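J.: start12.pdb (PDB, C-alpha atoms and all ligand atoms) pasted underneath:
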```
ATOM      1  CA  MET A   1       8.553   7.508 -11.266
ATOM      2  CA  PRO A   2      12.139   8.447 -10.596
ATOM      3  CA  ASN A   3      13.094   9.738 -14.039
ATOM      4  CA  ASP A   4      10.272  12.237 -14.015
ATOM      5  CA  SER A   5       9.533  12.862 -10.358
ATOM      6  CA  ASP A   6       7.767  16.140 -11.127
ATOM      7  CA  ILE A   7       5.019  14.123 -12.760
ATOM      8  CA  TYR A   8       5.064  10.858 -10.817
ATOM      9  CA  PHE A   9       5.697   9.768  -7.238
ATOM     10  CA  GLY A  10       6.950  13.103  -5.958
ATOM     11  CA  ASP A  11       6.000  14.642  -2.615
ATOM     12  CA  TYR A  12       2.710  16.490  -2.228
ATOM     13  CA  SER A  13       1.963  19.079   0.435
ATOM     14  CA  PRO A  14      -1.833  18.999   0.747
ATOM     15  CA  THR A  15      -3.819  22.207   1.172
ATOM     16  CA  TYR A  16      -6.184  20.613   3.710
ATOM     17  CA  LEU A  17      -4.867  18.346   6.532
ATOM     18  CA  ASN A  18      -1.488  20.026   6.125
ATOM     19  CA  GLU A  19      -0.649  19.895   9.865
ATOM     20  CA  ILE A  20      -1.087  16.111   9.819
ATOM     21  CA  TYR A  21       1.073  15.869   6.695
ATOM     22  CA  ARG A  22       3.852  17.863   8.388
ATOM     23  CA  ALA A  23       3.801  15.809  11.592
ATOM     24  CA  ARG A  24       3.830  12.563   9.566
ATOM     25  CA  GLY A  25       6.698  13.821   7.391
ATOM     26  CA  SER A  26       5.087  12.497   4.210
ATOM     27  CA  HIS A  27       1.868  12.574   2.201
ATOM     28  CA  GLY A  28       1.442   8.757   2.154
ATOM     29  CA  GLN A  29      -1.877   7.695   3.784
ATOM     30  CA  ILE A  30      -3.259  11.284   3.855
ATOM     31  CA  PHE A  31      -6.196  10.011   1.759
ATOM     32  CA  LEU A  32      -7.060   7.684   4.658
ATOM     33  CA  TYR A  33      -7.480  10.642   7.026
ATOM     34  CA  TYR A  34     -10.050  11.975   4.570
ATOM     35  CA  ALA A  35     -11.775   8.562   4.739
ATOM     36  CA  LEU A  36     -12.103   8.978   8.539
ATOM     37  CA  LEU A  37     -13.567  12.468   8.157
ATOM     38  CA  ALA A  38     -16.015  11.218   5.498
ATOM     39  CA  ASP A  39     -17.161   8.362   7.786
ATOM     40  CA  LEU A  40     -16.031   5.833   5.165
ATOM     41  CA  LYS A  41     -13.574   4.243   7.555
ATOM     42  CA  PRO A  42     -13.957   3.770  11.328
ATOM     43  CA  ALA A  43     -10.219   3.903  12.103
ATOM     44  CA  LEU A  44      -6.739   3.754  10.606
ATOM     45  CA  ASP A  45      -3.343   2.711  11.884
ATOM     46  CA  ASP A  46      -0.225   4.744  11.206
ATOM     47  CA  TRP A  47       3.430   5.182  12.196
ATOM     48  CA  ILE A  48       4.816   8.395  13.675
ATOM     49  CA  TYR A  49       8.345   9.073  14.965
ATOM     50  CA  VAL A  50       8.455   9.456  18.753
ATOM     51  CA  ASP A  51       9.708  13.064  18.621
ATOM     52  CA  LYS A  52       6.793  14.036  16.340
ATOM     53  CA  LEU A  53       4.108  12.378  18.446
ATOM     54  CA  ASP A  54       2.911  15.452  20.366
ATOM     55  CA  GLU A  55       2.776  17.531  17.196
ATOM     56  CA  PHE A  56       0.855  14.738  15.471
ATOM     57  CA  ILE A  57      -1.711  14.382  18.274
ATOM     58  CA  SER A  58      -2.418  18.141  18.309
ATOM     59  CA  ALA A  59      -2.690  18.154  14.504
ATOM     60  CA  CYS A  60      -5.308  15.390  14.717
ATOM     61  CA  GLU A  61      -7.210  17.256  17.456
ATOM     62  CA  LYS A  62      -7.683  20.179  15.071
ATOM     63  CA  TYR A  63      -9.755  17.873  12.883
ATOM     64  CA  SER A  64     -11.556  16.263  15.866
ATOM     65  CA  LEU A  65      -9.617  13.032  15.458
ATOM     66  CA  VAL A  66      -8.457  11.080  18.484
ATOM     67  CA  VAL A  67      -5.289   9.002  18.745
ATOM     68  CA  GLU A  68      -4.415   5.844  20.690
ATOM     69  CA  THR A  69      -0.786   4.698  20.752
ATOM     70  CA  GLU A  70       0.095   1.018  20.755
ATOM     71  CA  SER A  71       3.890   0.734  21.205
ATOM     72  CA  VAL A  72       7.132   2.091  19.812
ATOM     73  CA  PHE A  73       8.910  -0.049  17.212
ATOM     74  CA  TYR A  74      12.676   0.438  17.223
ATOM     75  CA  ASP A  75      15.589  -1.275  15.457
ATOM     76  CA  GLU A  76      13.330  -1.900  12.474
ATOM     77  CA  GLY A  77      14.739  -4.536  10.177
ATOM     78  CA  TRP A  78      16.448  -6.135  13.215
ATOM     79  CA  SER A  79      15.638  -9.650  12.368
ATOM     80  CA  TYR A  80      18.082 -12.524  12.684
ATOM     81  CA  ASP A  81      16.828 -13.875  16.025
ATOM     82  CA  VAL A  82      13.216 -13.323  15.089
ATOM     83  CA  ARG A  83      13.566 -14.760  11.590
ATOM     84  CA  SER A  84      15.082 -17.961  13.062
ATOM     85  CA  ALA A  85      12.448 -18.260  15.831
ATOM     86  CA  ILE A  86       9.993 -21.155  15.800
ATOM     87  CA  GLY A  87       6.867 -20.081  13.927
ATOM     88  CA  SER A  88       8.621 -17.226  12.085
ATOM     89  CA  GLU A  89       6.960 -18.236   8.786
ATOM     90  CA  MET A  90       3.799 -16.592  10.169
ATOM     91  CA  LEU A  91       5.422 -13.139  10.381
ATOM     92  CA  THR A  92       4.570 -10.170   8.184
ATOM     93  CA  THR A  93       7.155  -7.901   6.523
ATOM     94  CA  THR A  94       7.230  -5.567   9.556
ATOM     95  CA  ILE A  95       9.886  -6.692  12.061
ATOM     96  CA  ALA A  96      11.254  -4.633  14.937
ATOM     97  CA  GLN A  97      11.848  -4.598  18.677
ATOM     98  CA  GLY A  98       8.960  -3.133  20.629
ATOM     99  CA  ALA A  99       8.584  -1.147  23.853
ATOM    100  CA  PRO A 100       6.003   0.995  25.626
ATOM    101  CA  VAL A 101       5.820   4.449  24.001
ATOM    102  CA  ASP A 102       7.145   6.288  27.073
ATOM    103  CA  ALA A 103      10.043   3.860  27.736
ATOM    104  CA  GLY A 104      12.615   6.153  26.115
ATOM    105  CA  TYR A 105      13.340   4.275  22.889
ATOM    106  CA  TYR A 106      13.663   6.128  19.593
ATOM    107  CA  GLY A 107      11.631   4.741  16.740
ATOM    108  CA  ARG A 108       8.227   4.866  15.119
ATOM    109  CA  VAL A 109       5.111   4.701  17.249
ATOM    110  CA  HIS A 110       2.399   2.396  15.953
ATOM    111  CA  LEU A 111      -0.915   4.115  16.633
ATOM    112  CA  TYR A 112      -4.595   4.261  15.756
ATOM    113  CA  VAL A 113      -6.648   7.278  14.709
ATOM    114  CA  SER A 114     -10.423   7.625  14.675
ATOM    115  CA  LYS A 115     -13.270  10.066  15.224
ATOM    116  CA  SER A 116     -14.476   7.957  18.130
ATOM    117  CA  GLY A 117     -12.760   6.850  21.325
ATOM    118  CA  GLU A 118     -14.995   3.783  21.455
ATOM    119  CA  THR A 119     -13.760   2.628  18.032
ATOM    120  CA  LEU A 120     -10.161   3.146  19.138
ATOM    121  CA  ASP A 121     -10.739   0.946  22.141
ATOM    122  CA  ARG A 122     -12.092  -1.822  19.911
ATOM    123  CA  ILE A 123      -9.383  -1.628  17.255
ATOM    124  CA  LYS A 124      -6.435  -1.679  19.640
ATOM    125  CA  ARG A 125      -7.566  -5.095  20.889
ATOM    126  CA  THR A 126      -7.272  -6.614  17.402
ATOM    127  CA  GLY A 127      -4.501  -4.585  15.738
ATOM    128  CA  TRP A 128      -1.476  -6.093  17.451
ATOM    129  CA  TYR A 129       1.437  -7.632  15.570
ATOM    130  CA  PRO A 130       2.743 -11.165  16.220
ATOM    131  CA  VAL A 131       5.247 -11.194  19.111
ATOM    132  CA  CYS A 132       8.426 -13.227  19.591
ATOM    133  CA  VAL A 133       8.721 -14.599  23.145
ATOM    134  CA  ASN A 134      11.453 -17.049  24.166
ATOM    135  CA  ASN A 135      12.242 -17.877  20.554
ATOM    136  CA  ARG A 136       8.581 -18.705  19.824
ATOM    137  CA  ILE A 137       6.231 -16.625  17.681
ATOM    138  CA  VAL A 138       2.882 -15.821  19.297
ATOM    139  CA  THR A 139       0.383 -14.863  16.631
ATOM    140  CA  LYS A 140      -3.128 -13.549  16.968
ATOM    141  CA  PRO A 141      -6.260 -15.647  16.385
ATOM    142  CA  ILE A 142      -7.700 -15.567  12.848
ATOM    143  CA  ILE A 143     -10.887 -13.873  14.078
ATOM    144  CA  ASP A 144      -8.779 -10.859  15.172
ATOM    145  CA  TYR A 145      -7.638 -10.384  11.570
ATOM    146  CA  TYR A 146     -11.275 -10.325  10.495
ATOM    147  CA  TRP A 147     -12.301  -7.830  13.184
ATOM    148  CA  PHE A 148      -9.247  -5.682  12.489
ATOM    149  CA  GLY A 149     -10.182  -5.524   8.794
ATOM    150  CA  GLU A 150     -13.736  -4.605   9.762
ATOM    151  CA  HIS A 151     -12.533  -1.778  12.045
ATOM    152  CA  LEU A 152     -10.394  -0.477   9.184
ATOM    153  CA  GLY A 153     -13.524  -0.335   7.011
ATOM    154  CA  TYR A 154     -12.529  -2.888   4.363
ATOM    155  CA  PRO A 155     -15.316  -4.449   2.252
ATOM    156  CA  LYS A 156     -16.370  -7.907   3.457
ATOM    157  CA  CYS A 157     -15.628  -9.586   0.103
ATOM    158  CA  CYS A 158     -12.065  -8.285   0.266
ATOM    159  CA  ILE A 159     -11.520  -9.246   3.939
ATOM    160  CA  ASP A 160     -12.641 -12.810   3.191
ATOM    161  CA  PHE A 161     -10.487 -13.016   0.075
ATOM    162  CA  PHE A 162      -7.429 -11.603   1.847
ATOM    163  CA  ALA A 163      -7.850 -14.055   4.728
ATOM    164  CA  LYS A 164      -7.781 -16.996   2.296
ATOM    165  CA  PHE A 165      -5.042 -15.935  -0.089
ATOM    166  CA  ASN A 166      -2.674 -13.490   1.569
ATOM    167  CA  ASN A 167      -0.270 -16.272   2.438
ATOM    168  CA  HIS A 168       3.265 -15.314   1.464
ATOM    169  CA  ASN A 169       4.458 -18.892   2.062
ATOM    170  CA  ALA A 170       1.985 -20.448  -0.360
ATOM    171  CA  TYR A 171       2.118 -17.701  -3.012
ATOM    172  CA  ARG A 172       5.196 -15.691  -3.871
ATOM    173  CA  ASN A 173       3.088 -13.110  -5.694
ATOM    174  CA  THR A 174      -0.034 -12.752  -3.520
ATOM    175  CA  LEU A 175      -1.374 -10.048  -5.849
ATOM    176  CA  MET A 176      -1.775 -12.678  -8.574
ATOM    177  CA  LYS A 177      -4.955 -13.926  -6.842
ATOM    178  CA  PRO A 178      -6.902 -10.627  -7.121
ATOM    179  CA  PHE A 179      -5.554 -10.338 -10.688
ATOM    180  CA  GLU A 180      -6.893 -13.802 -11.612
ATOM    181  CA  ASN A 181     -10.159 -12.907  -9.921
ATOM    182  CA  THR A 182     -10.586  -9.821 -12.161
ATOM    183  CA  LYS A 183     -13.204 -10.661 -14.762
ATOM    184  CA  THR A 184     -13.828  -7.293 -16.445
ATOM    185  CA  LYS A 185     -11.624  -4.309 -17.298
ATOM    186  CA  PRO A 186      -9.520  -3.313 -14.260
ATOM    187  CA  ASN A 187     -11.025  -0.242 -12.569
ATOM    188  CA  TYR A 188      -8.579   2.478 -11.472
ATOM    189  CA  LEU A 189     -10.707   2.953  -8.338
ATOM    190  CA  CYS A 190      -9.644  -0.586  -7.307
ATOM    191  CA  ASN A 191      -5.951   0.019  -7.901
ATOM    192  CA  SER A 192      -4.143  -0.736  -4.630
ATOM    193  CA  LEU A 193      -0.697  -1.034  -6.247
ATOM    194  CA  VAL A 194       0.319   2.504  -5.278
ATOM    195  CA  LYS A 195      -1.298   2.473  -1.827
ATOM    196  CA  ASP A 196       1.774   3.880  -0.121
ATOM    197  CA  SER A 197       1.812   7.004  -2.262
ATOM    198  CA  PHE A 198      -1.316   8.221  -4.086
ATOM    199  CA  CYS A 199      -4.418   6.080  -3.758
ATOM    200  CA  TYR A 200      -8.016   5.856  -2.516
ATOM    201  CA  LEU A 201      -7.724   2.456  -0.823
ATOM    202  CA  TYR A 202      -5.321   0.771   1.511
ATOM    203  CA  HIS A 203      -6.602  -2.795   1.394
ATOM    204  CA  ILE A 204      -5.766  -5.441  -1.180
ATOM    205  CA  PRO A 205      -9.036  -5.794  -3.130
ATOM    206  CA  CYS A 206     -10.554  -9.198  -3.890
ATOM    207  CA  SER A 207     -10.255  -8.238  -7.565
ATOM    208  CA  PHE A 208      -9.177  -5.186  -9.515
ATOM    209  CA  ASP A 209     -12.812  -4.749 -10.552
ATOM    210  CA  CYS A 210     -14.366  -5.283  -7.069
ATOM    211  CA  THR A 211     -17.694  -3.383  -7.004
ATOM    212  CA  ALA A 212     -17.650  -2.702  -3.246
ATOM    213  CA  THR A 213     -14.119  -1.272  -3.441
ATOM    214  CA  ALA A 214     -14.946   0.898  -6.464
ATOM    215  CA  GLU A 215     -18.002   2.335  -4.665
ATOM    216  CA  LEU A 216     -15.972   3.097  -1.548
ATOM    217  CA  SER A 217     -13.198   4.779  -3.565
ATOM    218  CA  ALA A 218     -15.696   6.805  -5.611
ATOM    219  CA  LYS A 219     -17.257   8.183  -2.406
ATOM    220  CA  LEU A 220     -13.851   9.070  -0.984
ATOM    221  CA  ARG A 221     -12.779  10.667  -4.272
ATOM    222  CA  ALA A 222     -15.899  12.874  -4.286
ATOM    223  CA  PHE A 223     -15.280  13.869  -0.653
ATOM    224  CA  ILE A 224     -11.617  14.839  -1.200
ATOM    225  CA  GLN A 225     -12.631  16.773  -4.318
ATOM    226  CA  GLN A 226     -14.464  19.297  -2.112
ATOM    227  CA  TYR A 227     -11.323  20.075  -0.100
ATOM    228  CA  ASP A 228      -8.357  19.573  -2.426
ATOM    229  CA  PRO A 229      -9.088  19.039  -6.144
ATOM    230  CA  THR A 230      -5.366  19.094  -7.001
ATOM    231  CA  TYR A 231      -4.824  16.102  -4.730
ATOM    232  CA  VAL A 232      -7.580  14.207  -6.556
ATOM    233  CA  GLU A 233      -6.004  15.038  -9.892
ATOM    234  CA  ILE A 234      -2.611  13.742  -8.737
ATOM    235  CA  ILE A 235      -4.083  10.561  -7.238
ATOM    236  CA  ASP A 236      -6.011   9.833 -10.447
ATOM    237  CA  ARG A 237      -2.866  10.317 -12.527
ATOM    238  CA  HIS A 238      -1.014   7.674 -10.470
ATOM    239  CA  LEU A 239      -3.905   5.221 -10.417
ATOM    240  CA  LYS A 240      -4.328   5.284 -14.189
ATOM    241  CA  LEU A 241      -0.863   3.915 -14.963
ATOM    242  CA  ASN A 242       0.205   0.470 -16.223
ATOM    243  CA  PHE A 243       1.953  -1.914 -13.870
ATOM    244  CA  LEU A 244       4.261  -4.903 -14.012
ATOM    245  CA  VAL A 245       3.787  -6.742 -10.724
ATOM    246  CA  PHE A 246       6.329  -9.311  -9.476
ATOM    247  CA  ARG A 247       4.985  -9.379  -5.914
ATOM    248  CA  GLU A 248       3.798  -6.977  -3.245
ATOM    249  CA  ARG A 249       6.165  -3.977  -3.126
ATOM    250  CA  ASP A 250       8.086  -5.286  -6.153
ATOM    251  CA  ILE A 251       6.144  -3.337  -8.759
ATOM    252  CA  TYR A 252       7.076  -1.191 -11.789
ATOM    253  CA  ALA A 253       4.832   1.546 -13.189
ATOM    254  CA  PHE A 254       4.641   2.883 -16.758
ATOM    255  CA  ASP A 255       2.710   5.682 -18.352
ATOM    256  CA  GLY A 256       1.186   5.418 -21.829
ATOM    257  CA  ARG A 257      -1.760   3.432 -23.110
ATOM    258  CA  PRO A 258      -1.401  -0.147 -24.352
ATOM    259  CA  GLU A 259      -2.438  -0.953 -27.902
ATOM    260  CA  GLY A 260      -2.976  -4.673 -28.224
ATOM    261  CA  ASN A 261       0.045  -6.199 -26.502
ATOM    262  CA  ILE A 262       2.310  -3.196 -27.091
ATOM    263  CA  LEU A 263       2.890  -0.428 -24.554
ATOM    264  CA  LYS A 264       4.876   2.622 -25.639
ATOM    265  CA  TYR A 265       5.911   4.670 -22.608
ATOM    266  CA  ASN A 266       7.881   7.794 -21.676
ATOM    267  CA  ASN A 267       8.322   7.046 -17.989
ATOM    268  CA  GLY A 268       8.970   3.657 -16.435
ATOM    269  CA  GLY A 269      10.116   3.273 -12.855
ATOM    270  CA  PHE A 270       9.987   1.360  -9.585
ATOM    271  CA  VAL A 271       7.030   2.181  -7.334
ATOM    272  CA  ASP A 272       8.426   1.602  -3.872
ATOM    273  CA  LYS A 273      11.930   0.853  -2.553
ATOM    274  CA  TYR A 274      10.811  -0.101   0.975
ATOM    275  CA  LEU A 275      11.630  -3.815   0.626
ATOM    276  CA  TYR A 276      13.245  -4.473  -2.740
ATOM    277  CA  PRO A 277      15.851  -2.593  -4.776
ATOM    278  CA  GLY A 278      14.084  -2.471  -8.163
ATOM    279  CA  ILE A 279      16.693  -4.392 -10.144
ATOM    280  CA  LEU A 280      15.010  -3.805 -13.526
ATOM    281  CA  GLU A 281      14.680  -0.058 -13.120
ATOM    282  CA  ASP A 282      17.695   0.840 -15.301
ATOM    283  CA  ILE A 283      16.449  -1.409 -18.086
ATOM    284  CA  PHE A 284      12.995   0.186 -18.073
ATOM    285  CA  ARG A 285      14.526   3.672 -18.035
ATOM    286  CA  GLN A 286      16.575   2.829 -21.122
ATOM    287  CA  GLY A 287      13.585   1.281 -22.860
ATOM    288  CA  ASP A 288      10.550   2.902 -24.453
ATOM    289  CA  THR A 289       8.322  -0.036 -25.411
ATOM    290  CA  LEU A 290       7.056  -3.226 -23.748
ATOM    291  CA  GLU A 291       5.885  -6.145 -25.851
ATOM    292  CA  ILE A 292       3.759  -8.254 -23.531
ATOM    293  CA  LEU A 293       3.189 -11.953 -24.257
ATOM    294  CA  ASP A 294       1.606 -14.577 -21.984
ATOM    295  CA  ASP A 295       4.903 -16.038 -20.821
ATOM    296  CA  ARG A 296       7.411 -13.270 -21.529
ATOM    297  CA  ILE A 297       7.925  -9.551 -21.946
ATOM    298  CA  PHE A 298      10.358  -7.935 -24.370
ATOM    299  CA  VAL A 299      11.724  -4.502 -23.539
ATOM    300  CA  HIS A 300      12.644  -2.449 -26.613
ATOM    301  CA  ALA A 301      14.656   0.765 -26.888
ATOM    302  CA  GLY A 302      13.974   2.201 -30.325
ATOM    303  CA  ASP A 303      14.482  -0.715 -32.723
ATOM    304  CA  ARG A 304      16.688  -2.698 -30.314
ATOM    305  CA  MET A 305      15.403  -5.425 -27.991
ATOM    306  CA  ILE A 306      17.295  -4.858 -24.728
ATOM    307  CA  LYS A 307      15.735  -7.374 -22.354
ATOM    308  CA  MET A 308      13.512 -10.454 -22.233
ATOM    309  CA  ILE A 309      11.717 -11.230 -18.956
ATOM    310  CA  LEU A 310      10.428 -14.790 -18.700
ATOM    311  CA  LYS A 311       7.509 -15.839 -16.549
ATOM    312  CA  THR A 312       8.556 -18.786 -14.363
ATOM    313  CA  GLU A 313       7.316 -20.447 -11.183
ATOM    314  CA  THR A 314       9.701 -18.293  -9.162
ATOM    315  CA  GLU A 315       8.840 -15.115 -11.101
ATOM    316  CA  PRO A 316       5.054 -15.272 -11.581
ATOM    317  CA  TRP A 317       4.562 -11.646 -12.659
ATOM    318  CA  PHE A 318       1.527 -10.116 -14.322
ATOM    319  CA  PHE A 319       0.914  -6.984 -16.358
ATOM    320  CA  ILE A 320      -2.154  -4.849 -15.665
ATOM    321  CA  SER A 321      -3.330  -1.596 -17.221
ATOM    322  CA  PHE A 322      -5.540   0.973 -15.519
ATOM    323  CA  ALA A 323      -4.995   3.466 -18.337
ATOM    324  CA  ASP A 324      -8.048   5.255 -19.731
ATOM    325  CA  ASP A 325      -9.666   3.789 -22.804
TER
HETATM  326 ZN    ZN B   1     -13.950  -7.021  -2.742
END
```
Spell out the structure here as structure tokens.

T.:
Amino acid sequence: MPNDSDIYFGDYSPTYLNEIYRARGSHGQIFLYYALLADLKPALDDWIYVDKLDEFISACEKYSLVVETESVFYDEGWSYDVRSAIGSEMLTTTIAQGAPVDAGYYGRVHLYVSKSGETLDRIKRTGWYPVCVNNRIVTKPIIDYYWFGEHLGYPKCCIDFFAKFNNHNAYRNTLMKPFENTKTKPNYLCNSLVKDSFCYLYHIPCSFDCTATAELSAKLRAFIQQYDPTYVEIIDRHLKLNFLVFRERDIYAFDGRPEGNILKYNNGGFVDKYLYPGILEDIFRQGDTLEILDDRIFVHAGDRMIKMILKTETEPWFFISFADD
């Protein structure tokens, strides 16, 4: 959280896997490398700058992990021609020009990491992104999405759910579906809302109380605990926050513990500026209390109400708390 970065969403230099952290240039996804080592995940995909690739591959070798590169993505965000291509509604949020890794372009290399070369061979056949050829989008068959999810070690219930509902055209806030599917108290071990910083899972769970996801996260948490207890403590602290979720990557986090429909907080901030600017961040920084109703939220600063946020069809947000009881 930006107004208290010592406590929330700062950088973390891990004690174990530090060489991989340095070659990556950030701690995001480090928990997934632990998942490979713990045999909880067959493979992962990641992004490494071309000039860091050799350093990254040797860092992985130290931990007996093997790497397979896919292609280099350059001019990320380059989009007009692709966005206007026929079939562009099927694209994900990642858009770039692509080239073979050794073709001399500067950008981020999309690659796969695993303990096993055989797994790498399987995952690279299903992990490709849609391609734009002659103003037409070529997308992969639906079965490849399923196999890709399986190679990444996601629970079957979550793969099936994601395949049905992760449609950004049909649902502006795709995270609303797992929220609606949550029947008991949200479990912090199923919190995917901070997956690009401190987390135990990288998939969108079928619900925020998914049993399979919670079991997987608990195993990973116990494994990391043996190597880097401080990392576990920091991850837990981020997972047990409260969140206001407008859509994927448009998410605000708050500390504190809700009482009834009132949340008093010290820190409120935007989780991730990768896609959206966080237009409400200043308001939440000024405020100290959220009053959460079904169709609206009031933000209070002391005894003043400073903002009302209405729930509408175009802004179908939800509030969820993973704070301890
Ligand atoms: Zn699930």

J.: Using all atoms listed in the file, what table do you get, as a tab-separated table, when you list each residue of chain A with an atom no more than 10 Å from ligand ZN 1 (chain B), its nearest pair of atoms, and their distance in Å rounded to one decimal, rows by chain then rising number?

T.:
```
residue	atom	partner	partner_atom	distance
A:Tyr154	CA	B:ZN1	ZN	8.3
A:Pro155	CA	B:ZN1	ZN	5.8
A:Lys156	CA	B:ZN1	ZN	6.7
A:Cys157	CA	B:ZN1	ZN	4.2
A:Cys158	CA	B:ZN1	ZN	3.8
A:Ile159	CA	B:ZN1	ZN	7.4
A:Asp160	CA	B:ZN1	ZN	8.4
A:Phe161	CA	B:ZN1	ZN	7.5
A:Phe162	CA	B:ZN1	ZN	9.2
A:Pro178	CA	B:ZN1	ZN	9.0
A:Cys190	CA	B:ZN1	ZN	9.0
A:His203	CA	B:ZN1	ZN	9.4
A:Ile204	CA	B:ZN1	ZN	8.5
A:Pro205	CA	B:ZN1	ZN	5.1
A:Cys206	CA	B:ZN1	ZN	4.2
A:Ser207	CA	B:ZN1	ZN	6.2
A:Phe208	CA	B:ZN1	ZN	8.5
A:Asp209	CA	B:ZN1	ZN	8.2
A:Cys210	CA	B:ZN1	ZN	4.7
A:Thr211	CA	B:ZN1	ZN	6.7
A:Ala212	CA	B:ZN1	ZN	5.7
A:Thr213	CA	B:ZN1	ZN	5.8
A:Ala214	CA	B:ZN1	ZN	8.8
```

J.: Any chance you could resolve the PyMOL selection byres (((chain A and resi 267) around 6) and not hetatm) against this file and give the residues as an MDAnalysis selection string?

T.: chainID A and resid 254:255 265:266 268

J.: Would you list the contacts of segment 106-122 of chain A as a list in words, taking every protein, DNA or RNA residue within 6 Å and counting all atoms listed in the file, but skipping same-chain residues closer than 5 positions in sequence?

T.: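 Non-adjacent residues within range: Ala43, Leu44, Asp45, Asp46, Trp47, Ile48, Tyr49, Val50, Leu65, Val66, Val67, Glu68, Thr69, Glu70, Ser71, Val72, Phe73 and Tyr74 of chain A.
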
J.: For the provided coordinates, the residues matched by the PyMOL selection byres (((chain A and resi 23-28) around 10) and not hetatm) should be stated as an MDAnalysis selection string.

T.: chainID A and resid 10:14 17:22 29:32 46:49 51:60 194:199

J.: Would you kindly translate the PyMOL selection byres (((chain A and resi 41) around 10) and not hetatm) into the concrete residues it picks from this file, as a PDB file with C-alpha atoms, in the coordinates of the input?

T.:
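Generated file (result.pdb):
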```
ATOM      1  CA  LEU A  32      -7.060   7.684   4.658  1.00  0.00           C
ATOM      2  CA  TYR A  33      -7.480  10.642   7.026  1.00  0.00           C
ATOM      3  CA  TYR A  34     -10.050  11.975   4.570  1.00  0.00           C
ATOM      4  CA  ALA A  35     -11.775   8.562   4.739  1.00  0.00           C
ATOM      5  CA  LEU A  36     -12.103   8.978   8.539  1.00  0.00           C
ATOM      6  CA  LEU A  37     -13.567  12.468   8.157  1.00  0.00           C
ATOM      7  CA  ALA A  38     -16.015  11.218   5.498  1.00  0.00           C
ATOM      8  CA  ASP A  39     -17.161   8.362   7.786  1.00  0.00           C
ATOM      9  CA  LEU A  40     -16.031   5.833   5.165  1.00  0.00           C
ATOM     10  CA  PRO A  42     -13.957   3.770  11.328  1.00  0.00           C
ATOM     11  CA  ALA A  43     -10.219   3.903  12.103  1.00  0.00           C
ATOM     12  CA  LEU A  44      -6.739   3.754  10.606  1.00  0.00           C
ATOM     13  CA  SER A 114     -10.423   7.625  14.675  1.00  0.00           C
ATOM     14  CA  LYS A 115     -13.270  10.066  15.224  1.00  0.00           C
ATOM     15  CA  GLU A 150     -13.736  -4.605   9.762  1.00  0.00           C
ATOM     16  CA  HIS A 151     -12.533  -1.778  12.045  1.00  0.00           C
ATOM     17  CA  LEU A 152     -10.394  -0.477   9.184  1.00  0.00           C
ATOM     18  CA  GLY A 153     -13.524  -0.335   7.011  1.00  0.00           C
ATOM     19  CA  TYR A 154     -12.529  -2.888   4.363  1.00  0.00           C
ATOM     20  CA  LEU A 216     -15.972   3.097  -1.548  1.00  0.00           C
ATOM     21  CA  LEU A 220     -13.851   9.070  -0.984  1.00  0.00           C
TER      22      LEU A 220
END
```

J.: Which of these, A:Gly260, A:Tyr16, A:Ala85, A:Phe322, has the shortest distance to Lys185 of chain A once you count all atoms listed in the file?

T.: A:Phe322

J.: Please indicate the distance in Å from atom CA of Phe284 of chain A to atom CA of Ala301 of chain A, rounded to one decimal place.

T.: 9.0 Å

J.: So how far away is atom CA of Glu291 of chain A from atom CA of Tyr276 of chain A, in Å?

T.: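 Value for the atom CA of Tyr276 of chain A-atom CA of Glu291 of chain A distance: 24.3 Å.
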
J.: For the atom pair atom CA of Asp236 of chain A and atom CA of Leu293 of chain A, what is the interatomic distance in Å to one decimal place?

T.: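 Those two atoms sit 27.4 Å apart.
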